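Undergrad: One file: my_file.pdb (PDB, C-alpha atoms).
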ATOM      1  CA  MET A 729      61.001 222.242  61.445
ATOM      2  CA  LYS A 730      64.832 222.386  61.459
ATOM      3  CA  LYS A 731      64.996 219.044  63.230
ATOM      4  CA  TYR A 732      62.790 217.469  60.536
ATOM      5  CA  ARG A 733      65.047 218.809  57.732
ATOM      6  CA  ILE A 734      68.190 217.443  59.372
ATOM      7  CA  ILE A 735      66.599 214.014  59.849
ATOM      8  CA  SER A 736      65.299 213.934  56.260
ATOM      9  CA  LEU A 737      68.701 214.942  54.839
ATOM     10  CA  LEU A 738      70.572 212.342  56.888
ATOM     11  CA  PRO A 739      69.843 209.281  54.636
ATOM     12  CA  ALA A 740      70.715 211.233  51.490
ATOM     13  CA  THR A 741      73.954 212.494  53.058
ATOM     14  CA  LEU A 742      74.962 209.008  54.230
ATOM     15  CA  THR A 743      74.236 207.549  50.792
ATOM     16  CA  LEU A 744      76.323 210.249  49.119
ATOM     17  CA  LEU A 745      79.149 209.687  51.612
ATOM     18  CA  LEU A 746      79.148 205.912  50.973
ATOM     19  CA  ILE A 747      79.250 206.481  47.205
ATOM     20  CA  LEU A 748      82.193 208.892  47.572
ATOM     21  CA  VAL A 749      84.109 206.432  49.782
ATOM     22  CA  TRP A 750      83.462 203.613  47.297
ATOM     23  CA  LEU A 751      84.684 205.768  44.382
ATOM     24  CA  ALA A 752      87.762 206.915  46.314
ATOM     25  CA  MET A 753      88.793 203.350  47.144
ATOM     26  CA  GLY A 754      88.428 202.186  43.558
ATOM     27  CA  ASN A 755      88.779 198.553  42.632
ATOM     28  CA  LYS A 756      91.683 197.483  44.862
ATOM     29  CA  LYS A 757      91.188 193.730  44.558
ATOM     30  CA  PRO A 758      94.268 191.625  43.721
ATOM     31  CA  SER A 759      94.645 190.585  40.075
ATOM     32  CA  TYR A 760      93.720 186.982  40.845
ATOM     33  CA  ILE A 761      90.257 188.085  42.089
ATOM     34  CA  LYS A 762      89.359 190.549  39.305
ATOM     35  CA  GLY A 763      87.090 189.790  36.411
ATOM     36  CA  PRO A 764      86.254 186.645  34.502
ATOM     37  CA  GLY A 765      88.671 183.755  34.459
ATOM     38  CA  LYS A 766      89.467 183.765  38.157
ATOM     39  CA  SER A 767      90.235 180.313  39.475
ATOM     40  CA  VAL A 768      90.910 178.923  42.918
ATOM     41  CA  MET A 769      92.091 175.385  43.586
ATOM     42  CA  LYS A 770      92.202 173.905  47.087
ATOM     43  CA  GLU A 771      94.075 170.875  48.436
ATOM     44  CA  VAL A 772      96.199 170.449  45.298
ATOM     45  CA  GLU A 773      98.777 167.692  44.738
ATOM     46  CA  VAL A 774     101.253 168.106  41.871
ATOM     47  CA  VAL A 775     103.811 165.501  40.784
ATOM     48  CA  TYR A 776     106.526 166.754  38.412
ATOM     49  CA  TYR A 777     108.040 164.088  36.154
ATOM     50  CA  LYS A 778     111.454 164.175  34.521
ATOM     51  CA  LYS A 779     112.292 161.413  32.026
ATOM     52  CA  GLU A 780     109.229 159.394  33.060
ATOM     53  CA  ARG A 781     110.258 159.386  36.740
ATOM     54  CA  PRO A 782     108.808 161.563  39.498
ATOM     55  CA  ASP A 783     111.245 164.373  40.340
ATOM     56  CA  TRP A 784     109.245 166.174  43.027
ATOM     57  CA  ARG A 785     105.805 166.248  44.601
ATOM     58  CA  ALA A 786     104.011 169.334  45.964
ATOM     59  CA  TYR A 787     101.022 169.628  48.275
ATOM     60  CA  ILE A 788      99.407 173.065  48.132
ATOM     61  CA  LYS A 789      96.569 174.118  50.417
ATOM     62  CA  GLU A 790      95.320 176.811  48.031
ATOM     63  CA  ALA A 791      96.301 178.101  44.574
ATOM     64  CA  LEU A 792      94.832 181.424  43.391
ATOM     65  CA  PHE A 793      95.328 181.917  39.656
ATOM     66  CA  SER A 794      95.914 185.331  38.090
ATOM     67  CA  ARG A 795      93.307 186.636  35.673
ATOM     68  CA  ASP A 796      95.560 185.980  32.669
ATOM     69  CA  GLU A 797      96.361 182.535  34.142
ATOM     70  CA  THR A 798     100.126 182.951  33.717
ATOM     71  CA  GLY A 799     100.767 182.610  37.426
ATOM     72  CA  SER A 800      99.331 181.374  40.672
ATOM     73  CA  GLU A 801      99.692 182.565  44.254
ATOM     74  CA  LEU A 802     100.228 179.608  46.569
ATOM     75  CA  LYS A 803      99.342 179.173  50.231
ATOM     76  CA  ASP A 804     100.832 176.595  52.606
ATOM     77  CA  VAL A 805     103.223 174.784  50.254
ATOM     78  CA  ASN A 806     105.005 171.473  50.959
ATOM     79  CA  ILE A 807     107.443 170.108  48.365
ATOM     80  CA  PHE A 808     109.379 166.822  48.447
ATOM     81  CA  TYR A 809     112.324 166.159  46.071
ATOM     82  CA  PHE A 810     112.711 162.421  45.521
ATOM     83  CA  ARG A 811     116.359 162.405  44.319
ATOM     84  CA  GLY A 812     117.837 164.326  47.214
ATOM     85  CA  ASP A 813     115.357 163.198  49.864
ATOM     86  CA  LEU A 814     114.736 166.896  50.486
ATOM     87  CA  SER A 815     111.523 168.474  51.762
ATOM     88  CA  LEU A 816     110.485 172.142  51.851
ATOM     89  CA  HIS A 817     107.690 174.018  53.588
ATOM     90  CA  ALA A 818     106.594 177.631  53.066
ATOM     91  CA  LYS A 819     103.526 179.606  54.096
ATOM     92  CA  GLN A 820     103.258 181.232  50.674
ATOM     93  CA  GLY A 821     104.667 181.168  47.184
ATOM     94  CA  PHE A 822     104.160 182.051  43.552
ATOM     95  CA  TYR A 823     104.188 179.676  40.585
ATOM     96  CA  ASP A 824     105.029 181.228  37.197
ATOM     97  CA  ILE A 825     103.224 178.999  34.723
ATOM     98  CA  THR A 826     105.084 180.448  31.713
ATOM     99  CA  ASN A 827     108.540 179.232  32.802
ATOM    100  CA  GLY A 828     107.793 176.772  35.631
ATOM    101  CA  GLN A 829     109.623 178.795  38.289
ATOM    102  CA  ILE A 830     108.379 178.561  41.869
ATOM    103  CA  ARG A 831     109.192 181.304  44.391
ATOM    104  CA  LEU A 832     108.579 180.309  48.020
ATOM    105  CA  SER A 833     108.435 182.960  50.741
ATOM    106  CA  GLY A 834     107.284 183.601  54.282
ATOM    107  CA  MET A 835     110.255 181.760  55.888
ATOM    108  CA  VAL A 836     111.035 178.607  53.968
ATOM    109  CA  ASN A 837     112.035 175.603  56.077
ATOM    110  CA  GLY A 838     113.821 172.650  54.532
ATOM    111  CA  LYS A 839     114.976 169.246  55.691
ATOM    112  CA  GLY A 840     117.397 166.796  54.111
ATOM    113  CA  LYS A 841     119.470 163.802  55.189
ATOM    114  CA  GLY A 842     121.228 164.956  58.359
ATOM    115  CA  PHE A 843     120.523 168.688  58.041
ATOM    116  CA  THR A 844     117.852 171.372  58.172
ATOM    117  CA  PHE A 845     117.857 174.832  56.632
ATOM    118  CA  ARG A 846     115.782 177.979  56.504
ATOM    119  CA  SER A 847     115.631 181.072  54.359
ATOM    120  CA  PRO A 848     113.182 183.972  53.979
ATOM    121  CA  GLU A 849     112.764 183.155  50.286
ATOM    122  CA  LEU A 850     113.675 180.351  47.880
ATOM    123  CA  LEU A 851     113.490 180.166  44.085
ATOM    124  CA  TYR A 852     113.231 176.922  42.098
ATOM    125  CA  LEU A 853     114.580 177.110  38.529
ATOM    126  CA  PRO A 854     113.443 173.883  36.832
ATOM    127  CA  SER A 855     115.352 174.489  33.575
ATOM    128  CA  GLU A 856     118.633 174.433  35.542
ATOM    129  CA  ASP A 857     117.439 172.131  38.359
ATOM    130  CA  ILE A 858     118.510 174.707  40.952
ATOM    131  CA  LEU A 859     117.048 175.818  44.274
ATOM    132  CA  ALA A 860     118.492 179.255  45.073
ATOM    133  CA  THR A 861     118.215 182.012  47.655
ATOM    134  CA  SER A 862     119.745 185.467  47.875
ATOM    135  CA  LYS A 863     118.064 186.681  51.053
ATOM    136  CA  GLY A 864     120.010 184.727  53.659
ATOM    137  CA  LEU A 865     120.394 181.071  54.524
ATOM    138  CA  VAL A 866     121.040 179.086  57.715
ATOM    139  CA  ILE A 867     121.939 175.379  57.552
ATOM    140  CA  LYS A 868     122.140 173.215  60.678
ATOM    141  CA  GLY A 869     123.535 169.708  60.968
ATOM    142  CA  LYS A 870     124.334 167.503  63.953
ATOM    143  CA  LYS A 871     127.826 168.953  64.354
ATOM    144  CA  TYR A 872     127.767 172.213  62.422
ATOM    145  CA  MET A 873     125.896 175.381  61.544
ATOM    146  CA  LEU A 874     126.482 177.392  58.346
ATOM    147  CA  SER A 875     125.037 180.748  57.402
ATOM    148  CA  GLY A 876     125.468 183.029  54.429
ATOM    149  CA  ARG A 877     123.893 185.717  52.321
ATOM    150  CA  SER A 878     122.977 183.378  49.465
ATOM    151  CA  GLY A 879     123.042 179.734  48.508
ATOM    152  CA  ARG A 880     121.891 177.140  46.042
ATOM    153  CA  ILE A 881     121.314 173.428  45.623
ATOM    154  CA  LYS A 882     122.163 172.011  42.194
ATOM    155  CA  ASP A 883     120.602 168.745  40.983
ATOM    156  CA  SER A 884     119.161 168.114  44.483
ATOM    157  CA  GLN A 885     122.652 167.054  45.593
ATOM    158  CA  VAL A 886     125.224 169.697  46.560
ATOM    159  CA  MET A 887     124.450 172.762  48.664
ATOM    160  CA  GLU A 888     126.630 175.855  48.145
ATOM    161  CA  VAL A 889     126.657 178.835  50.517
ATOM    162  CA  THR A 890     128.184 182.165  49.444
ATOM    163  CA  GLY A 891     128.452 185.735  50.672
ATOM    164  CA  ASP A 892     129.537 186.451  54.252
ATOM    165  CA  VAL A 893     129.748 182.737  55.074
ATOM    166  CA  ARG A 894     130.032 181.793  58.724
ATOM    167  CA  ALA A 895     130.556 178.289  60.061
ATOM    168  CA  VAL A 896     130.402 176.862  63.565
ATOM    169  CA  PHE A 897     131.465 173.281  64.263
ATOM    170  CA  TYR A 898     130.704 171.438  67.504
TER     171      TYR A 898
END
Here is a file; write its structure as structure tokens.
TA:
Amino acid sequence: MKKYRIISLLPATLTLLLILVWLAMGNKKPSYIKGPGKSVMKEVEVVYYKKERPDWRAYIKEALFSRDETGSELKDVNIFYFRGDLSLHAKQGFYDITNGQIRLSGMVNGKGKGFTFRSPELLYLPSEDILATSKGLVIKGKKYMLSGRSGRIKDSQVMEVTGDVRAVFY
């Protein structure tokens, strides 16, 4: 008789336990997955024009839009700047639709004419035409290597490195 009671209570107990676990976890989905209005775009190409000329082109493997559609999480991002012949690659990023800023992260690798660089994070400020980092930067050329705490590229032309700058020439 006791064995029968235990077996008959087992499904009810498991159901109750699953409900309690579900309630304890709550709704922990990221904001871009919650509710109506969620959007996902795959294999996206964006061309940004300035004065009727292409300024840069981005290839994005996946863009996950926030519920309020003011931003988008980006996966596997490749950007090419036409003026400076500069290309960037990052595993992830975030595009703020309200101000046009793009934050790349997950070790950003860049390549320009005669040099490469990498940084854990890079921010693009379109209103000022600046690429900037404050989390470390390493630049390598054929005969030099520069590193610093922060850096920026203005107008896709000049790269500045600041904060604990170290240079090696060979």
Undergrad: Assuming the chain letters and numbering stay as they are in my file, what does the PyMOL selection byres ((chain A and resi 851) around 12) actually select? List them as JSON, numbers by chain.
TA: {"A": [816, 818, 821, 822, 823, 824, 828, 829, 830, 831, 832, 833, 836, 847, 848, 849, 850, 852, 853, 854, 856, 857, 858, 859, 860, 861, 862, 863, 878, 879, 880, 881]}
Undergrad: How would you write, as a PyMOL selection string, the residues chosen by the PyMOL selection byres ((chain A and resi 889) around 9) on this structure?
TA: chain A and resi 865+874-880+887-888+890-893
Undergrad: So that I can check the surroundings of Met873 in chain A, please list as an MDAnalysis selection string every protein, DNA and RNA residue that reaches within 6 Å of it, counting only C-alpha atoms and ignoring chain neighbours fewer than 4 positions away.
TA: chainID A and resid 867:868 895:896
Undergrad: List, as a list in words, every residue that the PyMOL selection byres ((chain A and resi 773) around 12) selects in the file provided.
TA: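 Answer for the PyMOL selection byres ((chain A and resi 773) around 12): Met769, Lys770, Glu771, Val772, Val774, Val775, Tyr776, Trp784, Arg785, Ala786, Tyr787, Ile788, Lys789, Glu790, Ala791, Val805, Asn806, Ile807 and Phe808 of chain A.
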Undergrad: In Å to one decimal, how far is CA of Gly799 in chain A from CA of Asn837 in chain A?
TA: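 Computing the Euclidean distance for CA of Asn837 in chain A and CA of Gly799 in chain A yields 22.9 Å.
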Undergrad: In Å, how far is it from CA of Lys882 in chain A to CA of Lys839 in chain A?
TA: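 These two atoms are separated by 15.5 Å.
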Undergrad: Rounded to one decimal, what separation in Å do you get between CA of Lys819 in chain A and CA of Gly838 in chain A?
TA: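 Taking CA of Lys819 in chain A as the start and CA of Gly838 in chain A as the end point, the length is 12.4 Å.
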Undergrad: Which of these, A:Thr844, A:Ser767, A:Ser815, A:Ser794, has the shortest distance to Lys871 in chain A once you count all atoms listed in the file?
TA: A:Thr844
Undergrad: Give the answer as one residue: which of A:Gly840, A:Glu801, A:Leu792, A:Phe810 has the shortest atom-to-atom distance to Lys778 in chain A, using only C-alpha atoms?
TA: A:Phe810
